[in-house]
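Trainee: So here's structure_12.cif, just mmCIF, C-alpha atoms:
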```
data_protein
#
loop_
_atom_site.label_atom_id
_atom_site.label_comp_id
_atom_site.auth_asym_id
_atom_site.auth_seq_id
_atom_site.Cartn_x
_atom_site.Cartn_y
_atom_site.Cartn_z
CA MET W 8 6.47 20.87 6.41
CA THR W 9 8.09 18.02 8.29
CA ASP W 10 8.27 14.57 6.74
CA LYS W 11 6.12 13.18 9.54
CA ARG W 12 3.43 15.79 9.01
CA GLU W 13 3.44 15.06 5.28
CA LEU W 14 3.09 11.32 5.92
CA LEU W 15 0.24 11.97 8.34
CA ARG W 16 -1.48 13.86 5.53
CA HIS W 17 -0.96 10.83 3.30
CA THR W 18 -2.66 8.71 5.97
CA VAL W 19 -5.60 11.11 6.00
CA ALA W 20 -5.76 10.83 2.21
CA THR W 21 -5.71 7.05 2.54
CA LEU W 22 -8.62 7.29 4.95
CA ALA W 23 -10.50 9.39 2.40
CA TYR W 24 -9.86 6.87 -0.36
CA ARG W 25 -10.67 3.77 1.66
CA GLY W 26 -13.56 5.36 3.49
CA GLY W 27 -14.99 6.70 0.28
CA LYS W 28 -14.86 3.25 -1.25
CA ALA W 29 -16.51 1.62 1.79
CA VAL W 30 -19.51 3.96 1.74
CA ALA W 31 -20.04 4.35 -2.02
CA ASP W 32 -22.94 2.61 -3.70
CA ALA W 33 -24.13 0.98 -0.50
CA PRO W 34 -27.28 -1.14 -0.67
CA LYS W 35 -30.55 0.61 0.10
CA GLY W 36 -31.16 0.74 3.83
CA PHE W 37 -27.52 -0.03 4.63
CA ALA W 38 -27.22 2.92 7.02
CA GLU W 39 -29.67 1.20 9.36
CA PHE W 40 -28.32 -2.33 8.92
CA ARG W 41 -27.84 -3.89 12.32
CA ALA W 42 -25.76 -7.07 12.53
CA ASN W 43 -27.16 -7.74 15.99
CA GLU W 44 -28.91 -5.79 18.72
CA SER W 45 -25.70 -4.59 20.38
CA THR W 46 -23.72 -3.36 17.36
CA ARG W 47 -23.65 0.10 15.87
CA THR W 48 -25.31 0.57 12.51
CA PRO W 49 -23.17 1.75 9.57
CA GLY W 50 -24.83 5.15 9.92
CA GLN W 51 -23.76 5.35 13.54
CA ILE W 52 -20.22 4.22 12.68
CA LEU W 53 -19.88 6.82 9.95
CA ALA W 54 -21.13 9.54 12.31
CA HIS W 55 -18.56 8.36 14.85
CA ILE W 56 -15.81 8.63 12.23
CA GLY W 57 -16.90 12.22 11.62
CA ASP W 58 -16.69 12.87 15.37
CA LEU W 59 -13.19 11.35 15.45
CA LEU W 60 -12.00 13.63 12.66
CA ASP W 61 -13.47 16.70 14.37
CA TRP W 62 -11.72 15.59 17.55
CA GLY W 63 -8.45 15.15 15.66
CA LEU W 64 -8.70 18.67 14.29
CA SER W 65 -9.51 20.15 17.68
CA THR W 66 -6.55 18.30 19.19
CA ALA W 67 -4.22 19.54 16.46
CA ARG W 68 -5.39 23.07 17.19
CA GLY W 69 -4.76 22.66 20.89
CA GLU W 70 -8.38 22.91 21.95
CA GLN W 71 -9.27 19.25 22.30
CA ALA W 72 -13.03 18.69 22.36
CA TRP W 73 -15.22 15.63 21.89
CA HIS W 74 -18.78 15.72 20.66
CA ASP W 75 -21.13 12.79 20.09
CA SER W 76 -23.18 13.68 17.05
CA THR W 77 -26.56 12.32 16.02
CA PRO W 78 -26.31 10.35 12.78
CA ARG W 79 -27.65 12.16 9.72
CA ALA W 80 -29.09 10.66 6.59
CA TRP W 81 -26.49 8.41 4.91
CA ASP W 82 -25.70 10.74 2.02
CA ASP W 83 -25.44 13.72 4.36
CA GLU W 84 -23.16 11.77 6.65
CA ILE W 85 -20.91 10.96 3.69
CA LEU W 86 -20.72 14.68 2.90
CA ARG W 87 -19.85 15.39 6.51
CA PHE W 88 -17.13 12.69 6.41
CA PHE W 89 -15.38 14.38 3.50
CA ALA W 90 -15.90 17.85 4.94
CA ALA W 91 -14.30 16.77 8.20
CA LEU W 92 -11.38 15.23 6.31
CA GLU W 93 -10.87 18.42 4.35
CA ALA W 94 -10.91 20.59 7.46
CA PHE W 95 -8.41 18.32 9.22
CA ASP W 96 -6.14 18.09 6.20
CA CYS W 97 -6.33 21.84 5.62
CA TYR W 98 -4.95 22.41 9.10
CA LEU W 99 -2.24 19.79 8.63
CA ALA W 100 -1.25 21.44 5.35
CA SER W 101 -0.94 24.86 6.96
CA ASP W 102 2.02 26.34 8.79
CA ASP W 103 0.03 26.46 12.01
CA GLU W 104 1.49 24.70 15.01
CA LEU W 105 0.51 21.11 15.73
CA HIS W 106 -0.43 20.98 19.38
CA ALA W 107 -0.05 17.20 19.51
CA PRO W 108 2.71 15.04 18.04
CA GLU W 109 1.97 13.38 14.72
CA GLU W 110 2.27 10.00 16.45
CA LYS W 111 -0.55 10.83 18.85
CA LEU W 112 -2.81 12.19 16.13
CA PHE W 113 -2.18 9.04 14.20
CA GLN W 114 -2.66 6.51 17.01
CA GLY W 115 -5.83 8.20 18.23
CA PRO W 116 -8.34 9.62 15.76
CA VAL W 117 -6.78 8.55 12.46
CA ALA W 118 -6.10 4.91 13.34
CA ASP W 119 -9.48 4.68 15.03
CA ALA W 120 -11.19 5.94 11.91
CA LEU W 121 -9.33 3.37 9.79
CA THR W 122 -10.50 0.54 12.04
CA HIS W 123 -14.08 1.77 11.66
CA VAL W 124 -13.75 1.88 7.89
CA GLY W 125 -12.84 -1.80 8.13
CA GLN W 126 -16.00 -2.38 10.14
CA ILE W 127 -18.18 -0.68 7.54
CA ALA W 128 -16.55 -2.89 4.91
CA ILE W 129 -17.34 -6.10 6.79
CA LEU W 130 -20.91 -4.90 7.41
CA ARG W 131 -21.23 -4.31 3.67
CA ARG W 132 -20.44 -7.96 3.16
CA MET W 133 -22.88 -9.07 5.85
CA ALA W 134 -25.58 -6.85 4.34
CA GLY W 135 -25.13 -8.51 0.95
CA GLY W 136 -23.42 -5.58 -0.78
CA PRO W 137 -19.68 -6.24 -0.46
CA ILE W 138 -17.11 -3.84 -1.81
CA ARG W 139 -14.60 -5.27 -4.26
CA GLY W 140 -11.11 -6.17 -3.15
CA GLU W 141 -8.32 -3.94 -4.35
CA ASN W 142 -4.58 -3.75 -4.53
CA TYR W 143 -4.29 -0.52 -2.55
CA PHE W 144 -0.55 -0.39 -3.22
CA ARG W 145 -1.42 0.83 -6.67
CA ALA W 146 -4.31 3.10 -5.75
CA GLU W 147 -3.96 6.74 -6.73
CA ILE W 148 -3.74 8.26 -3.27
CA GLU W 149 -2.01 11.54 -2.66
CA ALA W 150 -1.78 13.96 0.24
CA GLY W 151 -4.40 16.66 -0.07
CA ARG W 152 -6.86 14.60 -2.09
CA VAL W 153 -9.39 14.12 0.68
CA GLY W 154 -12.71 15.16 -0.86
CA ALA W 155 -15.49 13.13 -2.41
CA ASP W 156 -13.74 13.19 -5.79
CA GLN W 157 -11.49 10.19 -5.26
CA ALA W 158 -9.64 8.37 -8.02
CA LEU W 159 -11.12 5.26 -9.56
CA PRO W 160 -9.51 1.99 -8.45
CA ARG W 161 -6.65 0.80 -10.62
CA VAL W 162 -6.61 -2.91 -9.67
CA GLU W 163 -9.77 -4.48 -8.25
CA PHE W 164 -10.70 -8.13 -7.79
CA ASP W 165 -13.52 -10.27 -6.38
CA MET S 16 15.95 6.63 11.96
CA GLU S 17 14.50 8.79 9.23
CA ASP S 18 11.30 10.60 10.28
CA ARG S 19 8.91 8.97 7.85
CA ARG S 20 10.12 5.54 8.85
CA LYS S 21 9.74 6.47 12.49
CA LEU S 22 6.09 7.26 11.87
CA LEU S 23 5.65 4.00 9.97
CA ASN S 24 7.13 2.12 12.90
CA HIS S 25 4.70 3.91 15.17
CA PHE S 26 1.93 2.75 12.83
CA LEU S 27 3.07 -0.84 13.33
CA ALA S 28 3.20 -0.36 17.10
CA ALA S 29 -0.35 1.02 17.04
CA LEU S 30 -1.39 -1.97 14.97
CA ALA S 31 0.13 -4.36 17.52
CA TYR S 32 -1.63 -2.52 20.33
CA ARG S 33 -5.04 -2.46 18.68
CA THR S 34 -4.82 -6.07 17.54
CA GLN S 35 -4.01 -7.22 21.05
CA LYS S 36 -6.80 -5.09 22.44
CA ALA S 37 -9.20 -6.84 20.08
CA LEU S 38 -7.90 -10.26 21.08
CA ARG S 39 -7.18 -9.92 24.79
CA GLU S 40 -9.47 -12.07 26.95
CA ALA S 41 -11.42 -13.28 23.94
CA PRO S 42 -13.57 -16.38 24.37
CA GLY S 43 -11.67 -19.63 23.90
CA ASP S 44 -13.35 -20.44 20.62
CA PHE S 45 -13.17 -16.92 19.20
CA GLY S 46 -10.61 -17.87 16.55
CA SER S 47 -13.15 -20.02 14.73
CA PHE S 48 -16.14 -17.71 15.19
CA ARG S 49 -17.86 -17.31 11.84
CA VAL S 50 -20.55 -14.70 11.67
CA GLY S 51 -21.71 -15.48 8.17
CA GLU S 52 -20.89 -17.03 4.85
CA GLY S 53 -18.04 -15.27 3.09
CA VAL S 54 -16.91 -13.43 6.22
CA ARG S 55 -13.48 -14.36 7.54
CA THR S 56 -13.14 -15.93 10.98
CA PRO S 57 -10.81 -14.16 13.45
CA ALA S 58 -8.12 -16.78 12.78
CA GLU S 59 -8.45 -16.19 9.05
CA LEU S 60 -8.30 -12.44 9.60
CA VAL S 61 -5.13 -12.65 11.68
CA ARG S 62 -3.54 -14.90 9.05
CA HIS S 63 -4.52 -12.39 6.37
CA MET S 64 -2.99 -9.59 8.43
CA ALA S 65 0.24 -11.59 8.65
CA SER S 66 -0.01 -12.18 4.93
CA VAL S 67 -0.29 -8.50 3.97
CA LEU S 68 2.56 -7.55 6.30
CA GLY S 69 4.66 -10.43 4.99
CA TYR S 70 3.92 -9.23 1.48
CA ALA S 71 5.10 -5.77 2.49
CA ARG S 72 8.30 -7.36 3.77
CA THR S 73 9.00 -8.86 0.35
CA PHE S 74 9.74 -5.31 -0.79
CA PHE S 75 12.78 -5.48 1.50
CA VAL S 76 13.87 -9.08 1.01
CA GLY S 77 12.33 -10.16 -2.30
CA GLY S 78 10.50 -13.40 -2.97
CA HIS S 79 6.92 -14.24 -2.03
CA TYR S 80 5.05 -14.68 1.22
CA ARG S 81 2.02 -16.93 1.56
CA PRO S 82 1.42 -18.08 5.13
CA GLU S 83 -0.15 -21.50 5.53
CA PRO S 84 -2.90 -22.00 8.11
CA LEU S 85 -1.55 -22.91 11.52
CA VAL S 86 -3.06 -25.40 13.96
CA SER S 87 -4.14 -22.96 16.64
CA PHE S 88 -5.33 -19.38 16.89
CA ALA S 89 -2.56 -18.68 19.40
CA GLU S 90 0.03 -19.69 16.81
CA GLU S 91 -1.60 -17.45 14.20
CA ILE S 92 -1.38 -14.52 16.61
CA GLN S 93 2.24 -15.30 17.43
CA ARG S 94 3.16 -15.41 13.75
CA PHE S 95 1.40 -12.12 13.11
CA HIS S 96 3.54 -10.41 15.75
CA GLU S 97 6.69 -12.07 14.42
CA VAL S 98 6.08 -10.83 10.88
CA LEU S 99 5.21 -7.39 12.20
CA GLY S 100 8.46 -7.32 14.18
CA LEU S 101 10.56 -8.39 11.20
CA LEU S 102 9.01 -5.68 9.05
CA ALA S 103 9.62 -3.05 11.69
CA GLN S 104 13.27 -4.10 11.90
CA HIS S 105 13.78 -3.34 8.21
CA LEU S 106 12.35 0.13 8.79
CA ARG S 107 14.55 0.69 11.84
CA ASP S 108 17.66 -0.48 9.99
CA GLY S 109 17.00 1.86 7.09
CA ASP S 110 17.02 -1.00 4.63
CA PRO S 111 16.43 0.00 1.01
CA MET S 112 13.19 -0.98 -0.66
CA LEU S 113 12.91 -2.93 -3.88
CA GLU S 114 10.93 -2.25 -7.03
CA GLY S 115 10.56 1.45 -6.33
CA MET S 116 8.43 0.90 -3.24
CA THR S 117 7.90 3.99 -1.08
CA GLU S 118 6.87 4.64 2.51
CA GLU S 119 3.63 6.19 1.25
CA ARG S 120 2.64 3.11 -0.70
CA LEU S 121 3.45 0.81 2.21
CA LEU S 122 1.22 2.96 4.36
CA GLN S 123 -1.72 3.15 1.97
CA GLY S 124 -1.52 -0.55 1.14
CA PRO S 125 -0.64 -3.28 3.60
CA PHE S 126 -0.27 -1.16 6.72
CA SER S 127 -3.71 0.41 6.36
CA ASP S 128 -5.18 -2.89 5.25
CA ALA S 129 -4.05 -4.53 8.46
CA MET S 130 -5.43 -1.66 10.54
CA THR S 131 -8.86 -2.00 8.98
CA HIS S 132 -8.78 -5.70 9.81
CA ALA S 133 -7.92 -4.94 13.44
CA GLY S 134 -11.19 -3.01 13.50
CA GLN S 135 -12.98 -6.00 12.07
CA LEU S 136 -11.61 -8.21 14.84
CA ALA S 137 -13.10 -5.79 17.37
CA LEU S 138 -16.47 -5.92 15.61
CA LEU S 139 -16.39 -9.71 15.58
CA ARG S 140 -15.73 -9.66 19.33
CA ARG S 141 -18.95 -7.75 19.78
CA LEU S 142 -20.85 -10.08 17.48
CA ALA S 143 -19.44 -13.02 19.43
CA GLY S 144 -20.95 -11.57 22.61
CA ALA S 145 -17.65 -10.49 24.16
CA PRO S 146 -17.15 -6.82 23.21
CA VAL S 147 -13.94 -4.88 23.75
CA PRO S 148 -14.20 -1.99 26.24
CA PRO S 149 -13.55 1.48 24.79
CA GLU S 150 -10.64 3.72 25.70
CA ASN S 151 -9.01 7.01 24.72
CA PHE S 152 -6.38 5.79 22.27
CA ILE S 153 -4.57 9.08 21.97
CA VAL S 154 -3.03 8.58 25.41
CA ALA S 155 -2.49 4.82 25.03
CA GLU S 156 0.99 3.57 25.79
CA ILE S 157 2.08 2.76 22.25
CA ARG S 158 5.83 2.53 21.72
CA GLU S 159 7.84 1.71 18.63
CA GLU S 160 9.81 -1.02 20.36
CA ARG S 161 6.75 -2.76 21.78
CA LEU S 162 5.50 -4.90 18.92
CA GLY S 163 4.82 -8.31 20.48
CA PRO S 164 1.71 -9.80 22.06
CA ASP S 165 2.54 -8.26 25.44
CA GLN S 166 0.88 -4.87 25.00
CA ALA S 167 0.16 -2.26 27.66
CA GLN S 168 -3.17 -2.04 29.43
CA PRO S 169 -5.27 1.06 28.59
CA VAL S 170 -4.07 4.28 30.22
CA SER S 171 -7.48 5.90 29.95
CA PRO S 172 -10.33 3.39 29.71
CA ASP S 173 -13.76 4.94 29.30
CA LYS S 174 -15.61 5.28 32.59
CA GLU S 175 -18.95 5.07 30.82
CA TRP S 176 -19.84 2.44 28.25
CA PRO S 177 -23.48 2.66 27.20
CA GLU S 178 -23.26 -0.54 25.15
CA ALA S 179 -21.48 -2.53 27.87
CA PRO S 180 -22.46 -6.14 28.41
CA HIS S 181 -24.38 -6.99 31.56
CA GLY S 182 -22.18 -6.93 34.65
CA TRP S 183 -19.38 -4.77 33.18
CA LYS S 184 -17.50 -2.62 35.66
CA PRO S 185 -15.03 0.15 34.73
#
```
Since I need it in another form, could you write the structure as structure tokens?
Mentor:
Amino acid sequence: MTDKRELLRHTVATLAYRGGKAVADAPKGFAEFRANESTRTPGQILAHIGDLLDWGLSTARGEQAWHDSTPRAWDDEILRFFAALEAFDCYLASDDELHAPEEKLFQGPVADALTHVGQIAILRRMAGGPIRGENYFRAEIEAGRVGADQALPRVEFD
Amino acid sequence: MEDRRKLLNHFLAALAYRTQKALREAPGDFGSFRVGEGVRTPAELVRHMASVLGYARTFFVGGHYRPEPLVSFAEEIQRFHEVLGLLAQHLRDGDPMLEGMTEERLLQGPFSDAMTHAGQLALLRRLAGAPVPPENFIVAEIREERLGPDQAQPVSPDKEWPEAPHGWKP
């Protein structure tokens, strides 16, 4: 595997870790929290992240396809998030050809998903259930660890 | 340049692009827009982004980095791009990292931190009543050497925008 492909997998693992933290233990009703009438709800944002990851996988496979999904129940959407990460990472980990450069896969679906994780985090704060700060330098993040079973934070702060 | 560092530099270029997209044509008072108690203003967010990138840079040059608040939002944005550019230069030059730092940890820490905050800037734009139009980022003109405030216009802006503000035209 090329170094760039391996680092892209690390970015996907980072997305799993940070995304997992942003959605875990959310306040009741958070999926439907609406900061104002024109913003997406967290449930809609998480569904969009799932769509982005599916799109990333389809692009990597050379059969680029976009699909707008209907948001599921929050817990189901979290399961879909990790399932989409695992499918994407599984392809990246394989010997199959990447039909788009790592840079493009990063700047499109992966970076987009990271920005949306940041949005869920700020909505958590607005909804009265903020996530704790963390020194992510020290977080236990490793390529391939993209499922729901993420490591516990090593250094958190309020 | 070594491949992993090339991808990190592309990460920084994407960060510059997305930050500018979130800030371009923002309302004049956007820097001080505060949506709620305990939520950073855009100016505070941009300063924090400079701070995490400056912190990352200390793993090349040593010391500490704590940016003081600047007078204007424009200056905060300028400083953010300057710090980003300095960090990218270390990557381009192949400079060694201190304290056992690795490319992976830079990526999972400050680089990703800053990217999540770029997303928050975009959300604040929407909450401030001046949303950012969507585009297909995979075809955006993002280049490793383009790290300043002068970023490319979208190559493929969305033709449909269901949540567009009144009067928006593609």
Trainee: How far is it from CA of Gly154 (chain W) to CA of Glu13 (chain W), in Å with one decimal?
Mentor: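 Computing it gives 17.3 Å between the two atoms.
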Trainee: Expanded to explicit residues, what is the PyMOL selection byres ((chain S) within 6 of (chain W)) for this file, as a PDB file with C-alpha atoms, in the frame of the given file?
Mentor:
```pdb
ATOM      1  CA  ASP S  18      11.300  10.600  10.280  1.00  0.00           C
ATOM      2  CA  ARG S  19       8.910   8.970   7.850  1.00  0.00           C
ATOM      3  CA  ALA S  29      -0.350   1.020  17.040  1.00  0.00           C
ATOM      4  CA  ARG S 120       2.640   3.110  -0.700  1.00  0.00           C
ATOM      5  CA  GLN S 123      -1.720   3.150   1.970  1.00  0.00           C
ATOM      6  CA  GLY S 124      -1.520  -0.550   1.140  1.00  0.00           C
ATOM      7  CA  MET S 130      -5.430  -1.660  10.540  1.00  0.00           C
ATOM      8  CA  THR S 131      -8.860  -2.000   8.980  1.00  0.00           C
ATOM      9  CA  HIS S 132      -8.780  -5.700   9.810  1.00  0.00           C
ATOM     10  CA  GLY S 134     -11.190  -3.010  13.500  1.00  0.00           C
ATOM     11  CA  GLN S 135     -12.980  -6.000  12.070  1.00  0.00           C
ATOM     12  CA  PHE S 152      -6.380   5.790  22.270  1.00  0.00           C
ATOM     13  CA  ILE S 153      -4.570   9.080  21.970  1.00  0.00           C
TER      14      ILE S 153
END
```
Trainee: Can you report as lines of an AutoDock Vina configuration file the centre and edge lengths in Å, to one decimal, of an axis-aligned box around the listed atoms of region 91-109 of chain W padded with 8 Å on each side?
Mentor:
```
center_x = -5.8
center_y = 19.9
center_z = 11.9
size_x = 33.0
size_y = 29.1
size_z = 31.2
```
Trainee: Which of these, W:Pro108, W:Leu60, W:Asp75, W:Val162, has the shortest distance to Ala23 (chain W) once you count all atoms listed in the file?
Mentor: W:Leu60
Trainee: I would like the residues chosen by the PyMOL selection byres ((chain W and resi 103) around 12) on the shown file; could you give them as a ChimeraX atom specification?
Mentor: /W:8,12,64,67-69,96-102,104-107
Trainee: When the PyMOL selection byres ((chain W and resi 50) around 7) is applied to the file above, which residues end up in the set, as a PyMOL selection string?
Mentor: chain W and resi 38-39+48-49+51-54+78+81
Trainee: Taking only C-alpha atoms into account, which of W:Gly140, W:Gly135, W:Gly27, W:Gly36 comes nearest Leu86 (chain W)?
Mentor: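 Smallest separation from Leu86 (chain W) among the options: W:Gly27.
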Trainee: Please indicate the distance in Å from CA of Glu17 (chain S) to CA of Leu102 (chain S), rounded to one decimal place.
Mentor: 15.5 Å
Trainee: Around (-8.4, -5.4, 23.8) in the file's own coordinates, what residues are found within 7 Å if you use only C-alpha atoms, given back as a PyMOL selection string?
Mentor: chain S and resi 33+35-39+147
Trainee: One number please: CA of Phe88 (chain W) to CA of Arg152 (chain W), in Å, one decimal.
Mentor: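 One can read the CA of Phe88 (chain W) to CA of Arg152 (chain W) distance as 13.5 Å.
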Trainee: Name all residues at most 9 Å from Arg72 (chain S) (count only C-alpha atoms; drop same-chain ones fewer than 3 positions away) and give them as a list in words.
Mentor: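 The contact residues come out as Val67, Leu68, Gly69, Phe75, Val76, Gly77, Tyr80, Val98, Leu99, Leu101, Leu102 and His105 of chain S.
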Trainee: Find the spatial neighbours of Leu162 (chain S), counting all atoms listed in the file, within a cut-off of 8 Å - ignore same-chain residues fewer than 2 positions away - and output them as number ranges by chain.
Mentor: S: 27-28, 31-32, 96, 99-100, 158-160, 164-166
Trainee: Dump C-alpha atoms for the selected residues as a compact mmCIF listing (two decimals), in the coordinates of the input?
Mentor:
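Final file, result-v9.txt:
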```txt
# COMPACT_ATOMS: atom_id res chain seq x y z
CA LEU S 27 3.07 -0.84 13.33
CA ALA S 28 3.20 -0.36 17.10
CA ALA S 31 0.13 -4.36 17.52
CA TYR S 32 -1.63 -2.52 20.33
CA HIS S 96 3.54 -10.41 15.75
CA LEU S 99 5.21 -7.39 12.20
CA GLY S 100 8.46 -7.32 14.18
CA ARG S 158 5.83 2.53 21.72
CA GLU S 159 7.84 1.71 18.63
CA GLU S 160 9.81 -1.02 20.36
CA PRO S 164 1.71 -9.80 22.06
CA ASP S 165 2.54 -8.26 25.44
CA GLN S 166 0.88 -4.87 25.00
```
Trainee: For Ala71 (chain S), which residue among S:Pro149, S:Glu40, S:Gly109, S:Thr117 is the nearest when counting all atoms listed in the file?
Mentor: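 Once distances to Ala71 (chain S) are computed over all atoms listed in the file, the minimum belongs to S:Thr117.
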Trainee: Can you tell me which residues surround Ser76 (chain W) at a distance of at most 10 Å, considering only C-alpha atoms, apart from same-chain residues fewer than 3 positions away, and format the answer as an mmCIF file with C-alpha atoms, in the frame of the given file?
Mentor:
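Heads up, here's the output in result.cif:
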```
data_model
loop_
_atom_site.group_PDB
_atom_site.id
_atom_site.type_symbol
_atom_site.label_atom_id
_atom_site.label_comp_id
_atom_site.auth_asym_id
_atom_site.auth_seq_id
_atom_site.Cartn_x
_atom_site.Cartn_y
_atom_site.Cartn_z
ATOM 1 C CA GLN W 51 -23.760 5.350 13.540
ATOM 2 C CA ALA W 54 -21.130 9.540 12.310
ATOM 3 C CA HIS W 55 -18.560 8.360 14.850
ATOM 4 C CA GLY W 57 -16.900 12.220 11.620
ATOM 5 C CA ASP W 58 -16.690 12.870 15.370
ATOM 6 C CA TRP W 73 -15.220 15.630 21.890
ATOM 7 C CA ARG W 79 -27.650 12.160 9.720
#
```
Trainee: Residues at most 6 Å from Glu150 (chain S), counting all atoms listed in the file, excluding those fewer than 2 positions away in the same chain, as a PyMOL selection string?
Mentor: chain S and resi 152+171-173
